[in-house]
Structure formats: structure tokens, C-alpha cells
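Structure below is start09.cif: mmCIF, C-alpha atoms.
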```
data_protein
loop_
_atom_site.label_atom_id
_atom_site.label_comp_id
_atom_site.auth_asym_id
_atom_site.auth_seq_id
_atom_site.Cartn_x
_atom_site.Cartn_y
_atom_site.Cartn_z
CA MET A 1 37.85 232.28 179.73
CA ASP A 2 38.62 228.90 178.10
CA ASP A 3 36.85 226.73 180.70
CA PRO A 4 33.57 225.46 179.11
CA ALA A 5 31.81 225.62 182.48
CA LEU A 6 32.74 229.27 182.89
CA GLN A 7 31.56 230.02 179.37
CA GLN A 8 28.28 228.32 180.18
CA GLY A 9 28.00 230.49 183.30
CA ALA A 10 28.55 233.64 181.31
CA ALA A 11 25.81 232.60 178.88
CA ALA A 12 23.45 231.81 181.75
CA ALA A 13 24.15 235.15 183.42
CA PHE A 14 23.47 236.88 180.13
CA ASP A 15 20.26 234.99 179.34
CA TYR A 16 18.74 235.01 182.84
CA PRO A 17 17.49 238.65 182.83
CA ALA A 18 16.12 238.12 179.33
CA LEU A 19 14.34 235.00 180.54
CA GLU A 20 12.63 236.98 183.30
CA GLN A 21 11.17 239.25 180.65
CA LEU A 22 9.31 236.21 179.27
CA ASP A 23 7.25 235.97 182.46
CA PRO A 24 3.63 235.39 181.29
CA SER A 25 2.43 237.63 184.12
CA LEU A 26 4.33 240.63 182.73
CA VAL A 27 2.24 241.05 179.59
CA ASP A 28 -0.11 243.89 178.63
CA GLY A 29 1.95 246.39 180.58
CA PHE A 30 1.78 244.66 183.98
CA THR A 31 4.72 245.19 186.36
CA LEU A 32 5.55 243.33 189.54
CA PHE A 33 4.70 245.26 192.71
CA TYR A 34 5.12 242.55 195.38
CA GLU A 35 6.17 238.90 195.61
CA ARG A 36 6.53 236.75 198.69
CA GLU A 37 5.71 233.33 200.13
CA VAL A 38 2.90 233.62 202.68
CA PRO A 39 1.41 230.93 204.95
CA PHE A 40 -2.14 230.20 203.76
CA GLU A 41 -4.78 227.92 205.20
CA LEU A 42 -6.21 226.08 202.19
CA ARG A 43 -9.76 224.82 202.45
CA SER A 44 -11.84 222.94 199.90
CA ALA A 45 -15.60 223.42 199.84
CA VAL A 46 -17.99 220.87 198.36
CA THR A 47 -20.60 223.51 197.48
CA LEU A 48 -20.97 227.26 197.83
CA ASP A 49 -23.34 226.88 200.77
CA LEU A 50 -21.71 224.21 202.92
CA PRO A 51 -19.24 225.47 205.56
CA THR A 52 -15.66 224.35 205.27
CA GLU A 53 -13.52 222.64 207.89
CA VAL A 54 -10.06 223.71 208.98
CA GLY A 55 -7.69 223.11 206.09
CA ALA A 56 -3.99 222.50 205.59
CA LEU A 57 -1.40 225.22 206.15
CA GLU A 58 0.81 225.70 203.10
CA ALA A 59 3.25 228.27 201.76
CA VAL A 60 1.68 230.10 198.83
CA ARG A 61 3.65 232.48 196.63
CA VAL A 62 1.71 235.70 196.23
CA ARG A 63 2.42 238.13 193.40
CA ILE A 64 0.78 241.55 193.13
CA LEU A 65 1.00 243.20 189.71
CA ARG A 66 -0.09 246.62 188.49
CA GLN A 67 -1.01 247.75 185.01
CA MET A 68 -0.09 251.43 184.71
CA ASP A 69 -1.25 254.17 182.38
CA GLY A 70 1.39 256.80 182.96
CA GLU A 71 1.17 257.62 186.67
CA GLN A 72 -2.32 256.15 187.05
CA VAL A 73 -3.07 252.58 188.12
CA LYS A 74 -5.25 251.02 185.44
CA SER A 75 -5.64 247.47 186.74
CA ILE A 76 -4.44 245.30 189.63
CA ARG A 77 -3.84 241.56 189.54
CA VAL A 78 -3.03 239.16 192.36
CA GLU A 79 -1.67 235.70 191.55
CA LEU A 80 -1.47 232.75 193.93
CA CYS A 81 0.81 229.82 193.05
CA SER A 82 2.51 227.00 194.91
CA GLU A 83 5.86 225.27 194.60
CA SER A 84 4.34 222.01 195.86
CA ASN A 85 1.67 222.03 193.13
CA LEU A 86 2.77 223.54 189.82
CA PHE A 87 -0.81 223.53 188.50
CA PHE A 88 -2.14 225.60 191.40
CA LEU A 89 -2.82 229.09 190.04
CA TYR A 90 -5.59 231.47 191.15
CA ILE A 91 -6.04 235.03 189.93
CA HIS A 92 -7.75 238.11 191.37
CA ASP A 93 -8.29 240.88 188.79
CA VAL A 94 -9.56 244.32 189.79
CA ASN A 95 -10.03 247.53 187.84
CA GLU A 96 -11.32 250.84 189.13
CA THR A 97 -14.95 249.96 188.38
CA SER A 98 -14.93 246.54 190.07
CA PHE A 99 -12.99 248.00 192.99
CA LYS A 100 -15.80 250.47 193.68
CA GLU A 101 -18.18 247.54 194.07
CA LEU A 102 -15.73 245.84 196.43
CA GLN A 103 -15.26 249.11 198.29
CA ALA A 104 -19.01 249.56 198.79
CA VAL A 105 -19.73 245.98 199.87
CA GLN A 106 -16.85 245.74 202.34
CA ARG A 107 -16.82 249.41 203.36
CA LEU A 108 -13.18 249.90 202.52
CA MET A 109 -11.68 253.23 203.48
CA VAL A 110 -8.93 253.13 200.85
CA ASP A 111 -8.80 254.32 197.25
CA PHE A 112 -8.07 252.11 194.25
CA PRO A 113 -4.37 253.15 193.82
CA ASP A 114 -3.72 252.21 197.47
CA TYR A 115 -5.27 248.74 197.18
CA PRO A 116 -1.94 246.95 196.37
CA THR A 117 -0.30 248.53 199.41
CA VAL A 118 -3.16 247.41 201.66
CA LEU A 119 -2.88 243.85 200.36
CA MET A 120 0.89 243.92 200.82
CA ARG A 121 0.57 245.02 204.47
CA MET A 122 -1.97 242.30 205.25
CA LEU A 123 0.18 239.63 203.63
CA ASN A 124 3.25 240.79 205.54
CA GLN A 125 1.25 240.67 208.78
CA CYS A 126 0.36 237.04 208.04
CA VAL A 127 4.09 236.31 207.72
CA ARG A 128 5.24 238.27 210.76
CA GLU A 129 2.35 237.41 213.10
CA PRO A 130 0.83 234.12 211.91
CA HIS A 131 -0.99 233.58 215.21
CA ALA A 132 -2.74 236.93 215.02
CA TYR A 133 -3.35 237.33 211.28
CA LEU A 134 -4.61 234.54 209.04
CA ALA A 135 -4.98 234.17 205.28
CA VAL A 136 -7.64 231.56 204.47
CA LEU A 137 -8.23 230.49 200.87
CA ILE A 138 -11.52 228.66 200.32
CA MET A 139 -11.63 226.83 196.98
CA TYR A 140 -14.92 225.83 195.37
CA PRO A 141 -15.55 223.10 192.77
CA THR A 142 -16.70 225.77 190.30
CA GLY A 143 -13.12 227.04 189.96
CA GLU A 144 -13.85 230.07 192.11
CA ALA A 145 -12.11 230.83 195.38
CA ARG A 146 -12.29 233.34 198.19
CA LEU A 147 -9.35 234.70 200.15
CA ASP A 148 -10.23 235.92 203.63
CA PHE A 149 -7.87 237.97 205.76
CA ILE A 150 -8.79 237.32 209.39
CA GLN A 151 -7.48 238.81 212.61
CA ASN A 152 -7.47 236.70 215.76
CA MET A 153 -8.62 238.99 218.59
CA GLU A 154 -8.28 236.15 221.17
CA TYR A 155 -11.97 236.34 222.06
CA LYS A 156 -13.23 236.43 218.46
CA PHE A 157 -12.14 236.36 214.82
CA VAL A 158 -12.60 239.52 212.74
CA GLU A 159 -12.70 239.42 208.94
CA LEU A 160 -10.62 242.29 207.61
CA LEU A 161 -10.96 241.78 203.86
CA SER A 162 -12.30 239.22 201.42
CA CYS A 163 -11.14 238.85 197.79
CA LYS A 164 -12.63 236.75 195.01
CA PHE A 165 -10.30 234.59 192.91
CA VAL A 166 -10.76 232.33 189.90
CA ALA A 167 -8.66 229.37 188.80
CA ALA A 168 -6.49 230.20 185.79
CA GLY A 169 -7.18 228.54 182.45
CA GLU A 170 -5.13 225.62 181.18
CA ASP A 171 -3.21 227.70 178.64
CA LEU A 172 -2.03 230.21 181.25
CA VAL A 173 -1.17 227.44 183.70
CA ARG A 174 0.88 225.68 181.01
CA MET A 175 2.77 228.89 180.21
CA GLN A 176 3.46 229.54 183.90
CA VAL A 177 4.74 226.00 184.48
CA SER A 178 7.03 226.21 181.45
CA TYR A 179 8.35 229.62 182.52
CA ARG A 180 9.02 228.56 186.11
CA TYR A 181 10.83 225.42 184.93
CA ASN A 182 13.07 227.45 182.61
CA VAL A 183 13.85 229.94 185.39
CA VAL A 184 14.87 227.16 187.79
CA LYS A 185 16.97 225.56 185.05
CA ALA A 186 18.72 228.88 184.32
CA ARG A 187 19.41 229.43 188.02
CA MET A 188 20.92 225.96 188.33
CA GLN A 189 23.17 226.54 185.33
CA LEU A 190 24.31 229.85 186.79
CA MET A 191 25.08 228.31 190.18
CA GLU A 192 26.96 225.41 188.56
CA ALA A 193 29.04 227.91 186.60
CA ARG A 194 29.81 229.89 189.74
CA LEU A 195 30.80 226.69 191.54
CA ALA A 196 33.12 225.81 188.66
CA ASP A 197 34.63 229.30 188.89
CA VAL A 198 35.28 228.96 192.62
CA SER A 199 36.69 225.46 192.16
CA ALA A 200 39.11 226.77 189.53
CA MET A 201 40.34 229.46 191.93
CA VAL A 202 40.76 227.00 194.82
CA ARG A 203 42.55 224.52 192.51
CA VAL A 204 45.19 227.16 191.77
CA ARG A 205 45.62 228.50 195.31
CA ASP A 206 45.07 225.39 197.47
CA PRO A 207 44.72 222.06 195.62
CA GLY A 208 44.61 220.15 198.92
CA LEU A 209 41.60 222.13 200.12
CA LEU A 210 39.76 221.43 196.86
CA LEU A 211 40.46 217.69 197.24
CA GLN A 212 39.12 217.80 200.79
CA LEU A 213 35.95 219.62 199.69
CA GLN A 214 35.35 217.11 196.93
CA ARG A 215 35.61 214.23 199.40
CA THR A 216 33.22 215.83 201.93
CA PRO A 217 29.63 214.65 201.39
CA PRO A 218 27.13 217.46 200.83
CA ARG A 219 25.06 218.54 203.81
CA MET A 220 21.32 218.24 203.36
CA PRO A 221 19.26 221.38 204.16
CA GLY A 222 17.23 219.55 206.81
CA MET A 223 20.37 218.80 208.83
CA LEU A 224 20.52 222.43 209.95
CA ARG A 225 17.14 222.16 211.65
CA GLN A 226 18.09 218.98 213.47
CA SER A 227 20.58 220.79 215.64
CA PRO A 228 18.94 222.38 218.74
CA ASN A 229 21.62 225.07 218.85
CA HIS A 230 21.19 226.16 215.26
CA PRO A 231 18.50 228.79 214.58
CA LYS A 232 15.74 227.73 212.21
CA PRO A 233 16.31 229.32 208.79
CA PHE A 234 13.70 231.69 207.43
CA TYR A 235 12.82 231.84 203.77
CA PRO A 236 10.86 234.98 202.75
#
```
Show the structure stored in the file as C-alpha cells.
Amino acid sequence: MDDPALQQGAAAAFDYPALEQLDPSLVDGFTLFYEREVPFELRSAVTLDLPTEVGALEAVRVRILRQMDGEQVKSIRVELCSESNLFFLYIHDVNETSFKELQAVQRLMVDFPDYPTVLMRMLNQCVREPHAYLAVLIMYPTGEARLDFIQNMEYKFVELLSCKFVAAGEDLVRMQVSYRYNVVKARMQLMEARLADVSAMVRVRDPGLLLQLQRTPPRMPGMLRQSPNHPKPFYP
């Protein structure tokens, strides 16, 4: 493998899994349980008492992490971040004691170990049936936030679950931004190396085809959605 681009790809492929281990969320024994982009309605409240108006609908990446002690769930963390705003990071931390308070106030019929699965199901419902299930994040100027899962029953809205979040500190936000940038950079290097590998194969087998591909301008992602006959792509 004498091609420098291919050598770079091999290095990227080798370093990428190691880079994932540097995820700031995976410290203190936390492991990733669930990760997906979910449509959220984001609302900003002026004070804790004033009602909020209908907010903007945005894709929020939700991560559910568990801290295990053997087979037992010790702590649960939910992180909310956004690709459109790198400094957007809210965290919901729950242990068995705080969950009992949440369980009593909201009359939950689930046990603490099942809490991540319940959250996962509600989030998936918001993705699959956005007109029937809503995820509304209300952000307060104090740095606190509340995530409400709401079901649209046509004749009324029913609140299924409410979770309290807090905005992450500057140090954690800085670490998350740095980590996400390095992951994207590693992915780009890996894809460039794979493209160089494919180009090398095509150059040997069909030089004319490679020349034609190089002359063809790249197609922008939005062009696929402009065609009425092309199905709209879905990104989980």
C-alpha cells in the first residue's frame, strides 16, 4: 500500500474506534444505550411562570446513557444536543433515589431499570408518529429546561411524561464540541481514503470511466428532494 491516501485511510480506520472511546459522555462507567435524532419543539420561556408560545421544530440528537454496577443500573443520563447549534447541550441525570421522587409525582408505573426503555419508546414514537406524539423542550433563562412528552388525542393533549434538564457547564460543552469536531474530521479522512481506494481501482480497470466521473459535477443533497418522483430521504 504505497499510495499516501490509502495509508492515510488505514490510519484513520485504525484511529477512529479509539477516538470514539474519548467521548466525554462515556466517562465514569457510562455506556451508550440509545442515540437518535428526534423532532423537538423548542420553546423559550421568559420566566418560570409565564406560558410559552409555540416554538420552532428542530432535530435534536438524543443520547441515553446508563452507568452500570454489574447487572444493576446505577445511574441514567439523557443528553440533548443539536448539529445546528454546537453549544446546545442539556442533561437529565437520574439515580434510583431521584427516580422515586419522579415516580411518585408523575405516578409512573415503571421501575428504575426500565426507565431508559420507556424513554426510548416515547422518542421513537415522536419519530414515527410526529402528528400524534410530541416532544416539547421548554428552556428557561435560569439554565433549566423541561421536556414534555405529549400525545395528541385529537380532542385534547395528554401529557405522558415530564423530565427536568439543566444546561451543561462550559467545560463540558467545550469538551463535547472538540470531540464532535474530531469525530467529523476522522470520518471525512476515512471517506477520502475510501474514495482514493475506489479511484485507484477504477483507474486500473476503466480509465475512461474515471475521467468521466472526474468531469461530472457533484450532485448536491438537496437535488434529490427537488424531483417529485424521488422519495424523500430519511435520516434516523
- Could you pull the residues within 12 Å of A:Val105, counting only C-alpha atoms, minus those fewer than 4 positions along the same chain, as a ChimeraX atom specification? /A:98-101,109,161-163
- Determine, counting only C-alpha atoms, which protein, DNA and RNA residues have an atom within 12 Å of an atom of A:Arg128; residues of the same chain fewer than 3 positions away are not included. Present the result as a PyMOL selection string. chain A and resi 37-39+121-125+131-134+234+236
Written as a PDB file with C-alpha atoms, keeping the file's coordinate frame, what is the full residue list that the PyMOL selection byres ((chain A and resi 84) around 12) yields on the file shown?
```
ATOM      1  CA  GLU A  58       0.810 225.700 203.100  1.00  0.00           C
ATOM      2  CA  ALA A  59       3.250 228.270 201.760  1.00  0.00           C
ATOM      3  CA  VAL A  60       1.680 230.100 198.830  1.00  0.00           C
ATOM      4  CA  ARG A  61       3.650 232.480 196.630  1.00  0.00           C
ATOM      5  CA  CYS A  81       0.810 229.820 193.050  1.00  0.00           C
ATOM      6  CA  SER A  82       2.510 227.000 194.910  1.00  0.00           C
ATOM      7  CA  GLU A  83       5.860 225.270 194.600  1.00  0.00           C
ATOM      8  CA  ASN A  85       1.670 222.030 193.130  1.00  0.00           C
ATOM      9  CA  LEU A  86       2.770 223.540 189.820  1.00  0.00           C
ATOM     10  CA  PHE A  87      -0.810 223.530 188.500  1.00  0.00           C
ATOM     11  CA  PHE A  88      -2.140 225.600 191.400  1.00  0.00           C
ATOM     12  CA  LEU A  89      -2.820 229.090 190.040  1.00  0.00           C
TER      13      LEU A  89
END
```
- Message: Using the chain letters and numbers from this file, what does the PyMOL selection byres ((chain A and resi 172) around 12) select? Give the answer as number ranges by chain.
- Response: A: 23-25, 27, 79, 86-91, 167-171, 173-179
- Spatial neighbours of A:Pro116, max dist 8 Å, all atoms listed in the file, sep filter under 4 positions, as a count of residues only: 4
- Query: Of the candidates A:Val202, A:Val73, A:Ala196, A:Val78, which one gets nearest to A:Arg36 if we count all atoms listed in the file?
  - Reply: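 Among the listed residues, the smallest separation from A:Arg36 belongs to A:Val78.
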- Item | Ground truth for the PyMOL selection byres ((chain A and resi 136) around 6), written as a list in words |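 Applied to this file, the PyMOL selection byres ((chain A and resi 136) around 6) selects Phe40, Glu41, Ala135, Leu137, Leu147 and Asp148 of chain A.
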